[in-house]
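Coordinates from query-v2.cif are shown below (mmCIF, N, CA and C atoms).
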data_data
loop_
_atom_site.label_atom_id
_atom_site.label_comp_id
_atom_site.auth_asym_id
_atom_site.auth_seq_id
_atom_site.Cartn_x
_atom_site.Cartn_y
_atom_site.Cartn_z
N MET A 191 9.74 9.60 18.48
CA MET A 191 10.79 8.61 18.61
C MET A 191 12.07 9.19 18.00
N PRO A 192 13.15 9.24 18.75
CA PRO A 192 14.43 9.71 18.20
C PRO A 192 14.91 8.77 17.09
N THR A 193 15.61 9.33 16.12
CA THR A 193 16.14 8.54 15.00
C THR A 193 17.64 8.71 14.90
N VAL A 194 18.25 7.83 14.11
CA VAL A 194 19.69 7.86 13.89
C VAL A 194 19.96 7.23 12.52
N ALA A 195 21.00 7.68 11.86
CA ALA A 195 21.40 7.07 10.59
C ALA A 195 22.25 5.84 10.87
N LEU A 196 22.02 4.80 10.10
CA LEU A 196 22.85 3.59 10.21
C LEU A 196 24.10 3.80 9.35
N GLY A 197 25.15 4.22 9.97
CA GLY A 197 26.39 4.48 9.24
C GLY A 197 26.33 5.79 8.48
N ALA A 198 27.46 6.16 7.91
CA ALA A 198 27.54 7.39 7.13
C ALA A 198 26.68 7.26 5.87
N GLY A 199 25.67 8.09 5.77
CA GLY A 199 24.81 8.06 4.59
C GLY A 199 23.83 6.91 4.55
N GLY A 200 23.74 6.14 5.63
CA GLY A 200 22.84 5.00 5.66
C GLY A 200 21.41 5.42 5.92
N PRO A 201 20.49 4.47 5.94
CA PRO A 201 19.09 4.80 6.18
C PRO A 201 18.88 5.32 7.60
N VAL A 202 17.89 6.15 7.77
CA VAL A 202 17.53 6.67 9.08
C VAL A 202 16.51 5.74 9.72
N VAL A 203 16.79 5.34 10.94
CA VAL A 203 15.92 4.41 11.66
C VAL A 203 15.65 4.94 13.06
N SER A 204 14.65 4.37 13.71
CA SER A 204 14.38 4.71 15.10
C SER A 204 15.54 4.23 15.97
N ARG A 205 15.83 4.96 17.04
CA ARG A 205 16.91 4.56 17.94
C ARG A 205 16.58 3.28 18.69
N ILE A 206 15.30 2.97 18.77
CA ILE A 206 14.85 1.73 19.39
C ILE A 206 14.32 0.83 18.28
N GLY A 207 14.78 -0.40 18.25
CA GLY A 207 14.30 -1.36 17.27
C GLY A 207 13.50 -2.46 17.95
N LEU A 208 12.87 -3.26 17.14
CA LEU A 208 12.09 -4.39 17.64
C LEU A 208 12.68 -5.68 17.10
N GLY A 209 13.09 -6.57 17.99
CA GLY A 209 13.58 -7.89 17.61
C GLY A 209 12.46 -8.91 17.67
N LEU A 210 12.40 -9.77 16.65
CA LEU A 210 11.29 -10.72 16.54
C LEU A 210 11.63 -12.14 17.00
N ALA A 211 12.77 -12.32 17.65
CA ALA A 211 13.19 -13.67 18.03
C ALA A 211 12.14 -14.41 18.86
N ALA A 212 11.59 -13.75 19.86
CA ALA A 212 10.64 -14.41 20.75
C ALA A 212 9.25 -14.57 20.13
N LEU A 213 9.03 -13.97 18.97
CA LEU A 213 7.72 -14.06 18.32
C LEU A 213 7.69 -15.01 17.14
N GLY A 214 8.84 -15.36 16.62
CA GLY A 214 8.89 -16.17 15.42
C GLY A 214 8.98 -17.66 15.63
N ARG A 215 9.24 -18.07 16.86
CA ARG A 215 9.31 -19.50 17.15
C ARG A 215 8.82 -19.74 18.57
N PRO A 216 8.14 -20.84 18.79
CA PRO A 216 7.45 -21.03 20.06
C PRO A 216 8.34 -21.29 21.26
N ALA A 217 9.57 -21.71 21.06
CA ALA A 217 10.41 -22.10 22.19
C ALA A 217 11.61 -21.19 22.39
N TYR A 218 11.58 -19.98 21.87
CA TYR A 218 12.74 -19.10 22.03
C TYR A 218 12.96 -18.76 23.49
N ILE A 219 11.92 -18.31 24.15
CA ILE A 219 11.97 -18.07 25.59
C ILE A 219 10.78 -18.84 26.16
N THR A 220 11.04 -19.81 26.99
CA THR A 220 9.94 -20.63 27.49
C THR A 220 9.50 -20.26 28.89
N SER A 221 10.35 -19.65 29.67
CA SER A 221 10.03 -19.32 31.05
C SER A 221 9.10 -18.11 31.12
N GLY A 222 7.94 -18.29 31.73
CA GLY A 222 7.01 -17.19 31.95
C GLY A 222 6.24 -16.72 30.73
N ARG A 223 6.24 -17.46 29.65
CA ARG A 223 5.55 -17.02 28.44
C ARG A 223 4.07 -17.38 28.43
N GLU A 224 3.62 -18.17 29.39
CA GLU A 224 2.23 -18.61 29.39
C GLU A 224 1.27 -17.43 29.43
N ASP A 225 1.61 -16.39 30.18
CA ASP A 225 0.73 -15.23 30.30
C ASP A 225 0.81 -14.33 29.07
N GLY A 226 2.01 -14.03 28.62
CA GLY A 226 2.19 -13.10 27.50
C GLY A 226 1.94 -13.73 26.14
N LEU A 227 2.23 -15.01 26.02
CA LEU A 227 2.04 -15.72 24.74
C LEU A 227 1.38 -17.07 25.01
N PRO A 228 0.12 -17.06 25.39
CA PRO A 228 -0.54 -18.33 25.70
C PRO A 228 -0.75 -19.21 24.47
N ASP A 229 -0.89 -18.61 23.29
CA ASP A 229 -1.10 -19.37 22.06
C ASP A 229 0.19 -19.38 21.26
N ARG A 230 0.90 -20.49 21.32
CA ARG A 230 2.18 -20.59 20.60
C ARG A 230 2.05 -21.33 19.28
N SER A 231 0.83 -21.44 18.79
CA SER A 231 0.66 -22.02 17.46
C SER A 231 1.21 -21.03 16.43
N ALA A 232 1.44 -21.48 15.22
CA ALA A 232 1.94 -20.58 14.17
C ALA A 232 0.95 -19.43 13.95
N ALA A 233 -0.34 -19.75 13.91
CA ALA A 233 -1.35 -18.70 13.71
C ALA A 233 -1.37 -17.73 14.89
N GLY A 234 -1.23 -18.25 16.10
CA GLY A 234 -1.23 -17.41 17.29
C GLY A 234 -0.03 -16.47 17.34
N LEU A 235 1.16 -16.99 17.04
CA LEU A 235 2.35 -16.14 17.05
C LEU A 235 2.35 -15.17 15.88
N ARG A 236 1.79 -15.56 14.76
CA ARG A 236 1.67 -14.64 13.63
C ARG A 236 0.78 -13.45 14.01
N ALA A 237 -0.37 -13.74 14.60
CA ALA A 237 -1.29 -12.67 15.02
C ALA A 237 -0.64 -11.77 16.06
N ARG A 238 0.07 -12.38 17.02
CA ARG A 238 0.74 -11.60 18.06
C ARG A 238 1.85 -10.75 17.46
N THR A 239 2.59 -11.30 16.49
CA THR A 239 3.63 -10.53 15.82
C THR A 239 3.03 -9.32 15.12
N PHE A 240 1.93 -9.52 14.42
CA PHE A 240 1.27 -8.40 13.73
C PHE A 240 0.85 -7.32 14.72
N SER A 241 0.25 -7.71 15.85
CA SER A 241 -0.22 -6.71 16.81
C SER A 241 0.95 -5.96 17.44
N ILE A 242 2.04 -6.65 17.71
CA ILE A 242 3.21 -5.98 18.30
C ILE A 242 3.89 -5.09 17.27
N LEU A 243 3.98 -5.55 16.03
CA LEU A 243 4.55 -4.69 14.97
C LEU A 243 3.68 -3.45 14.76
N ASP A 244 2.38 -3.61 14.77
CA ASP A 244 1.48 -2.46 14.63
C ASP A 244 1.71 -1.45 15.76
N ALA A 245 1.79 -1.93 17.00
CA ALA A 245 2.00 -1.04 18.14
C ALA A 245 3.38 -0.37 18.07
N ALA A 246 4.39 -1.13 17.70
CA ALA A 246 5.74 -0.56 17.60
C ALA A 246 5.80 0.50 16.51
N TYR A 247 5.21 0.22 15.35
CA TYR A 247 5.22 1.19 14.26
C TYR A 247 4.46 2.46 14.66
N ALA A 248 3.34 2.29 15.32
CA ALA A 248 2.56 3.45 15.78
C ALA A 248 3.35 4.29 16.77
N ALA A 249 4.27 3.65 17.51
CA ALA A 249 5.11 4.36 18.48
C ALA A 249 6.34 4.97 17.83
N GLY A 250 6.52 4.73 16.53
CA GLY A 250 7.65 5.32 15.82
C GLY A 250 8.81 4.40 15.55
N VAL A 251 8.69 3.12 15.88
CA VAL A 251 9.76 2.15 15.62
C VAL A 251 9.79 1.84 14.13
N SER A 252 10.95 2.05 13.52
CA SER A 252 11.09 1.78 12.08
C SER A 252 12.19 0.78 11.77
N TYR A 253 12.81 0.23 12.80
CA TYR A 253 13.87 -0.78 12.61
C TYR A 253 13.42 -2.08 13.24
N VAL A 254 13.43 -3.16 12.44
CA VAL A 254 12.99 -4.47 12.91
C VAL A 254 14.07 -5.49 12.61
N ASP A 255 14.34 -6.34 13.60
CA ASP A 255 15.37 -7.36 13.47
C ASP A 255 14.71 -8.73 13.35
N ALA A 256 15.13 -9.49 12.35
CA ALA A 256 14.66 -10.86 12.16
C ALA A 256 15.84 -11.69 11.68
N ALA A 257 15.70 -12.99 11.73
CA ALA A 257 16.78 -13.87 11.27
C ALA A 257 16.22 -15.25 10.96
N ARG A 258 16.97 -16.03 10.19
CA ARG A 258 16.55 -17.39 9.84
C ARG A 258 16.34 -18.24 11.09
N SER A 259 17.14 -18.02 12.11
CA SER A 259 17.01 -18.84 13.31
C SER A 259 15.82 -18.44 14.18
N TYR A 260 15.10 -17.42 13.79
CA TYR A 260 13.93 -16.99 14.55
C TYR A 260 12.67 -17.69 14.06
N GLY A 261 12.81 -18.89 13.56
CA GLY A 261 11.64 -19.66 13.12
C GLY A 261 10.97 -19.02 11.93
N ARG A 262 9.75 -18.55 12.12
CA ARG A 262 8.98 -17.97 11.02
C ARG A 262 8.90 -16.44 11.11
N ALA A 263 9.80 -15.83 11.88
CA ALA A 263 9.78 -14.37 12.06
C ALA A 263 9.91 -13.63 10.74
N GLU A 264 10.80 -14.08 9.86
CA GLU A 264 10.95 -13.41 8.56
C GLU A 264 9.67 -13.51 7.75
N GLU A 265 9.05 -14.67 7.78
CA GLU A 265 7.77 -14.85 7.07
C GLU A 265 6.70 -13.93 7.63
N PHE A 266 6.57 -13.90 8.96
CA PHE A 266 5.56 -13.04 9.59
C PHE A 266 5.82 -11.58 9.26
N LEU A 267 7.07 -11.16 9.32
CA LEU A 267 7.43 -9.77 9.00
C LEU A 267 7.13 -9.45 7.54
N GLY A 268 7.48 -10.35 6.65
CA GLY A 268 7.19 -10.14 5.23
C GLY A 268 5.70 -10.01 4.95
N ASP A 269 4.89 -10.86 5.60
CA ASP A 269 3.44 -10.79 5.43
C ASP A 269 2.89 -9.48 6.00
N TRP A 270 3.42 -9.07 7.15
CA TRP A 270 2.98 -7.81 7.76
C TRP A 270 3.31 -6.63 6.86
N LEU A 271 4.53 -6.60 6.33
CA LEU A 271 4.92 -5.52 5.42
C LEU A 271 4.07 -5.51 4.16
N ALA A 272 3.81 -6.69 3.62
CA ALA A 272 3.00 -6.77 2.39
C ALA A 272 1.60 -6.23 2.64
N GLY A 273 1.06 -6.45 3.82
CA GLY A 273 -0.28 -5.98 4.13
C GLY A 273 -0.36 -4.53 4.53
N ARG A 274 0.74 -4.00 5.07
CA ARG A 274 0.71 -2.63 5.58
C ARG A 274 1.34 -1.63 4.63
N GLY A 275 2.35 -2.05 3.89
CA GLY A 275 2.98 -1.16 2.92
C GLY A 275 3.75 0.00 3.53
N TYR A 276 4.50 -0.25 4.59
CA TYR A 276 5.31 0.79 5.22
C TYR A 276 6.69 0.82 4.58
N PRO A 277 6.94 1.74 3.65
CA PRO A 277 8.23 1.75 2.95
C PRO A 277 9.40 2.22 3.80
N ASP A 278 9.13 2.81 4.97
CA ASP A 278 10.21 3.33 5.81
C ASP A 278 10.73 2.32 6.83
N VAL A 279 10.18 1.11 6.87
CA VAL A 279 10.67 0.10 7.79
C VAL A 279 11.98 -0.48 7.25
N ILE A 280 12.99 -0.49 8.11
CA ILE A 280 14.30 -1.04 7.75
C ILE A 280 14.47 -2.34 8.52
N ILE A 281 14.94 -3.37 7.82
CA ILE A 281 15.07 -4.70 8.40
C ILE A 281 16.54 -5.06 8.56
N GLY A 282 16.88 -5.51 9.75
CA GLY A 282 18.20 -6.05 10.02
C GLY A 282 18.11 -7.55 10.17
N SER A 283 19.17 -8.24 9.84
CA SER A 283 19.17 -9.69 9.97
C SER A 283 20.57 -10.18 10.29
N LYS A 284 20.72 -11.47 10.35
CA LYS A 284 22.00 -12.10 10.61
C LYS A 284 22.15 -13.30 9.68
N TRP A 285 23.35 -13.76 9.53
CA TRP A 285 23.57 -14.96 8.73
C TRP A 285 24.25 -15.99 9.62
N GLY A 286 24.22 -17.22 9.17
CA GLY A 286 24.93 -18.27 9.85
C GLY A 286 24.14 -19.02 10.91
N TYR A 287 22.86 -18.75 10.99
CA TYR A 287 22.01 -19.43 11.95
C TYR A 287 20.83 -20.04 11.21
N ARG A 288 20.46 -21.23 11.61
CA ARG A 288 19.33 -21.92 10.97
C ARG A 288 18.42 -22.49 12.05
N TYR A 289 17.13 -22.24 11.91
CA TYR A 289 16.14 -22.78 12.85
C TYR A 289 15.92 -24.25 12.57
N ARG A 290 15.92 -25.06 13.63
CA ARG A 290 15.73 -26.50 13.47
C ARG A 290 14.68 -27.06 14.43
N GLY A 291 13.99 -26.20 15.15
CA GLY A 291 13.07 -26.66 16.19
C GLY A 291 11.81 -27.32 15.71
N GLY A 292 11.48 -27.13 14.42
CA GLY A 292 10.29 -27.78 13.88
C GLY A 292 9.01 -27.41 14.60
N TRP A 293 8.96 -26.23 15.19
CA TRP A 293 7.80 -25.70 15.91
C TRP A 293 7.44 -26.59 17.10
N ARG A 294 8.46 -27.20 17.69
CA ARG A 294 8.25 -28.05 18.87
C ARG A 294 8.94 -27.43 20.07
N LEU A 295 8.24 -27.35 21.18
CA LEU A 295 8.83 -26.82 22.41
C LEU A 295 9.89 -27.77 22.97
N ASP A 296 9.74 -29.07 22.69
CA ASP A 296 10.65 -30.06 23.24
C ASP A 296 11.74 -30.49 22.27
N ALA A 297 11.94 -29.75 21.20
CA ALA A 297 12.98 -30.12 20.24
C ALA A 297 14.35 -30.13 20.93
N GLU A 298 15.14 -31.13 20.63
CA GLU A 298 16.46 -31.26 21.24
C GLU A 298 17.36 -30.08 20.88
N GLN A 299 17.20 -29.57 19.66
CA GLN A 299 18.03 -28.45 19.20
C GLN A 299 17.13 -27.46 18.48
N GLN A 300 17.16 -26.20 18.92
CA GLN A 300 16.30 -25.18 18.32
C GLN A 300 16.98 -24.47 17.15
N GLU A 301 18.29 -24.30 17.22
CA GLU A 301 18.99 -23.63 16.13
C GLU A 301 20.39 -24.20 15.98
N VAL A 302 20.91 -24.02 14.77
CA VAL A 302 22.28 -24.43 14.47
C VAL A 302 23.04 -23.20 14.03
N LYS A 303 24.21 -23.02 14.59
CA LYS A 303 25.06 -21.89 14.20
C LYS A 303 26.16 -22.43 13.30
N GLU A 304 26.28 -21.83 12.13
CA GLU A 304 27.33 -22.22 11.19
C GLU A 304 27.81 -20.96 10.48
N HIS A 305 28.95 -20.47 10.85
CA HIS A 305 29.48 -19.24 10.26
C HIS A 305 30.53 -19.56 9.21
N SER A 306 30.12 -20.31 8.21
CA SER A 306 31.01 -20.68 7.12
C SER A 306 30.68 -19.85 5.88
N LEU A 307 31.61 -19.82 4.96
CA LEU A 307 31.37 -19.14 3.69
C LEU A 307 30.21 -19.80 2.94
N ALA A 308 30.12 -21.12 3.02
CA ALA A 308 29.02 -21.83 2.34
C ALA A 308 27.66 -21.40 2.89
N MET A 309 27.54 -21.26 4.21
CA MET A 309 26.27 -20.83 4.81
C MET A 309 25.96 -19.40 4.40
N PHE A 310 26.96 -18.53 4.43
CA PHE A 310 26.75 -17.14 4.04
C PHE A 310 26.27 -17.06 2.59
N THR A 311 26.94 -17.79 1.71
CA THR A 311 26.58 -17.78 0.29
C THR A 311 25.17 -18.31 0.07
N ALA A 312 24.81 -19.38 0.76
CA ALA A 312 23.47 -19.96 0.60
C ALA A 312 22.39 -19.01 1.11
N GLN A 313 22.61 -18.38 2.25
CA GLN A 313 21.60 -17.48 2.77
C GLN A 313 21.50 -16.21 1.94
N LEU A 314 22.61 -15.72 1.43
CA LEU A 314 22.58 -14.55 0.57
C LEU A 314 21.81 -14.84 -0.71
N ALA A 315 22.02 -16.03 -1.28
CA ALA A 315 21.32 -16.41 -2.51
C ALA A 315 19.81 -16.49 -2.27
N ARG A 316 19.39 -16.98 -1.10
CA ARG A 316 17.96 -17.08 -0.79
C ARG A 316 17.34 -15.72 -0.49
N ALA A 317 18.15 -14.74 -0.10
CA ALA A 317 17.61 -13.43 0.27
C ALA A 317 17.00 -12.72 -0.92
N GLY A 318 17.56 -12.89 -2.10
CA GLY A 318 17.03 -12.25 -3.29
C GLY A 318 17.36 -10.77 -3.34
N PRO A 319 17.03 -10.15 -4.44
CA PRO A 319 17.36 -8.73 -4.61
C PRO A 319 16.51 -7.85 -3.72
N CYS A 320 17.10 -6.78 -3.26
CA CYS A 320 16.38 -5.82 -2.44
C CYS A 320 16.93 -4.45 -2.75
N SER A 321 16.05 -3.52 -2.99
CA SER A 321 16.50 -2.16 -3.27
C SER A 321 15.46 -1.18 -2.75
N ALA A 322 15.79 0.08 -2.83
CA ALA A 322 14.86 1.11 -2.37
C ALA A 322 13.56 1.10 -3.17
N SER A 323 13.61 0.55 -4.39
CA SER A 323 12.40 0.52 -5.21
C SER A 323 11.48 -0.65 -4.85
N THR A 324 11.94 -1.56 -4.00
CA THR A 324 11.12 -2.70 -3.58
C THR A 324 10.28 -2.25 -2.40
N SER A 325 8.99 -2.08 -2.63
CA SER A 325 8.13 -1.60 -1.56
C SER A 325 6.82 -2.34 -1.59
N PRO A 326 6.45 -3.10 -0.59
CA PRO A 326 7.30 -3.41 0.55
C PRO A 326 8.40 -4.41 0.17
N CYS A 327 9.39 -4.48 0.97
CA CYS A 327 10.58 -5.26 0.65
C CYS A 327 10.41 -6.72 1.02
N THR A 328 9.39 -7.35 0.52
CA THR A 328 9.13 -8.73 0.88
C THR A 328 10.02 -9.71 0.10
N ARG A 329 10.60 -9.27 -1.03
CA ARG A 329 11.49 -10.16 -1.75
C ARG A 329 12.75 -10.44 -0.97
N CYS A 330 13.09 -9.56 -0.03
CA CYS A 330 14.27 -9.75 0.80
C CYS A 330 14.04 -10.85 1.84
N ILE A 331 12.81 -11.17 2.09
CA ILE A 331 12.46 -12.10 3.17
C ILE A 331 11.71 -13.26 2.58
N ARG A 332 12.43 -14.32 2.26
CA ARG A 332 11.74 -15.51 1.78
C ARG A 332 12.48 -16.75 2.15
#
With the file now loaded, output its structure as structure tokens.
Amino acid sequence: MPTVALGAGGPVVSRIGLGLAALGRPAYITSGREDGLPDRSAAGLRARTFSILDAAYAAGVSYVDAARSYGRAEEFLGDWLAGRGYPDVIIGSKWGYRYRGGWRLDAEQQEVKEHSLAMFTAQLARAGPCSASTSPCTRCIR
């Protein structure tokens, strides 16, 4: 898998990353998911996330994208990292989005976008400390 540095002097990651949006919440993409994701329970999506992360890592993917609006994607990723102990996985995220779907396919609103300083400050405070010495970096994802 080809790699690239994220910025000057940044961490080296795979050129292809894996986004967890469709795995962290049951209603992210609803069209045609019956075959690929027949079990949209939290346990089912957690197991599917683990198997896809395992396959991606085995293929050389070291960059994973998760966000608060991806339902339980951050939780699933944190649990996977805690169990596997891959210190070379780099996690990207976003701020200003909050999941509100309540694990319901018919929820009127799945996410709320709020790009305010208050939202940024609140999400940063919840992220906790993260450094190269945190392995696996599960404190970053809570």
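Rounded to one decimal, CA of Ile280 (chain A) and atom C of Gly214 (chain A) lie 19.1 Å from each other.
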Around the point (11.0, 6.8, 21.1) (coordinates from the file), which residues reach within 10 Å if we count only C-alpha atoms? Answer as a ChimeraX atom specification. /A:191-193,204-207,246,249-251
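Using only C-alpha atoms, the protein and nucleic acid residues lying no more than 10 Å from His305 (chain A), apart from those fewer than 6 places from it along its own chain, are Trp285, Gly286 and Tyr287 of chain A.
Between CA of Ala233 (chain A) and CA of Glu301 (chain A) the separation is 21.1 Å.
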From CA of Lys284 (chain A) to atom N of Thr239 (chain A) the spacing works out at 20.3 Å
With distances taken over only C-alpha atoms, which residue among A:Tyr218, A:Phe240, A:Phe266, A:Tyr276 lies nearest Gln299 (chain A)? A:Tyr218
Contacts of region 292-294 of chain A at 12 Å (only C-alpha atoms; same-chain gap of 4+ positions) as a compact mmCIF listing (two decimals) with N, CA and C atoms, in the coordinates of the input:
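For reference, result.txt as written:
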# COMPACT_ATOMS: atom_id res chain seq x y z
N LEU A 213 9.03 -13.97 18.97
CA LEU A 213 7.72 -14.06 18.32
C LEU A 213 7.69 -15.01 17.14
N GLY A 214 8.84 -15.36 16.62
CA GLY A 214 8.89 -16.17 15.42
C GLY A 214 8.98 -17.66 15.63
N ARG A 215 9.24 -18.07 16.86
CA ARG A 215 9.31 -19.50 17.15
C ARG A 215 8.82 -19.74 18.57
N PRO A 216 8.14 -20.84 18.79
CA PRO A 216 7.45 -21.03 20.06
C PRO A 216 8.34 -21.29 21.26
N ALA A 217 9.57 -21.71 21.06
CA ALA A 217 10.41 -22.10 22.19
C ALA A 217 11.61 -21.19 22.39
N TYR A 218 11.58 -19.98 21.87
CA TYR A 218 12.74 -19.10 22.03
C TYR A 218 12.96 -18.76 23.49
N THR A 220 11.04 -19.81 26.99
CA THR A 220 9.94 -20.63 27.49
C THR A 220 9.50 -20.26 28.89
N ARG A 230 0.90 -20.49 21.32
CA ARG A 230 2.18 -20.59 20.60
C ARG A 230 2.05 -21.33 19.28
N SER A 231 0.83 -21.44 18.79
CA SER A 231 0.66 -22.02 17.46
C SER A 231 1.21 -21.03 16.43
N ALA A 232 1.44 -21.48 15.22
CA ALA A 232 1.94 -20.58 14.17
C ALA A 232 0.95 -19.43 13.95
N ALA A 233 -0.34 -19.75 13.91
CA ALA A 233 -1.35 -18.70 13.71
C ALA A 233 -1.37 -17.73 14.89
N LEU A 235 1.16 -16.99 17.04
CA LEU A 235 2.35 -16.14 17.05
C LEU A 235 2.35 -15.17 15.88
N SER A 259 17.14 -18.02 12.11
CA SER A 259 17.01 -18.84 13.31
C SER A 259 15.82 -18.44 14.18
N TYR A 260 15.10 -17.42 13.79
CA TYR A 260 13.93 -16.99 14.55
C TYR A 260 12.67 -17.69 14.06
N GLY A 261 12.81 -18.89 13.56
CA GLY A 261 11.64 -19.66 13.12
C GLY A 261 10.97 -19.02 11.93
N ARG A 262 9.75 -18.55 12.12
CA ARG A 262 8.98 -17.97 11.02
C ARG A 262 8.90 -16.44 11.11
N ARG A 288 20.46 -21.23 11.61
CA ARG A 288 19.33 -21.92 10.97
C ARG A 288 18.42 -22.49 12.05
N GLU A 298 15.14 -31.13 20.63
CA GLU A 298 16.46 -31.26 21.24
C GLU A 298 17.36 -30.08 20.88
N GLN A 299 17.20 -29.57 19.66
CA GLN A 299 18.03 -28.45 19.20
C GLN A 299 17.13 -27.46 18.48
N GLN A 300 17.16 -26.20 18.92
CA GLN A 300 16.30 -25.18 18.32
C GLN A 300 16.98 -24.47 17.15
N GLU A 301 18.29 -24.30 17.22
CA GLU A 301 18.99 -23.63 16.13
C GLU A 301 20.39 -24.20 15.98
Using the chain letters and numbers from the file, give me the residues hit by the PyMOL selection byres ((chain A and resi 283) around 6), as a VMD selection string. chain A and resid 255 to 257 281 to 282 284 to 285
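Minimum atom-to-atom distances from A:Ala297, A:Tyr289, A:Gly199, A:Arg316 to Arg258 (chain A) were compared using all atoms listed in the file, and the lowest value belongs to A:Tyr289.
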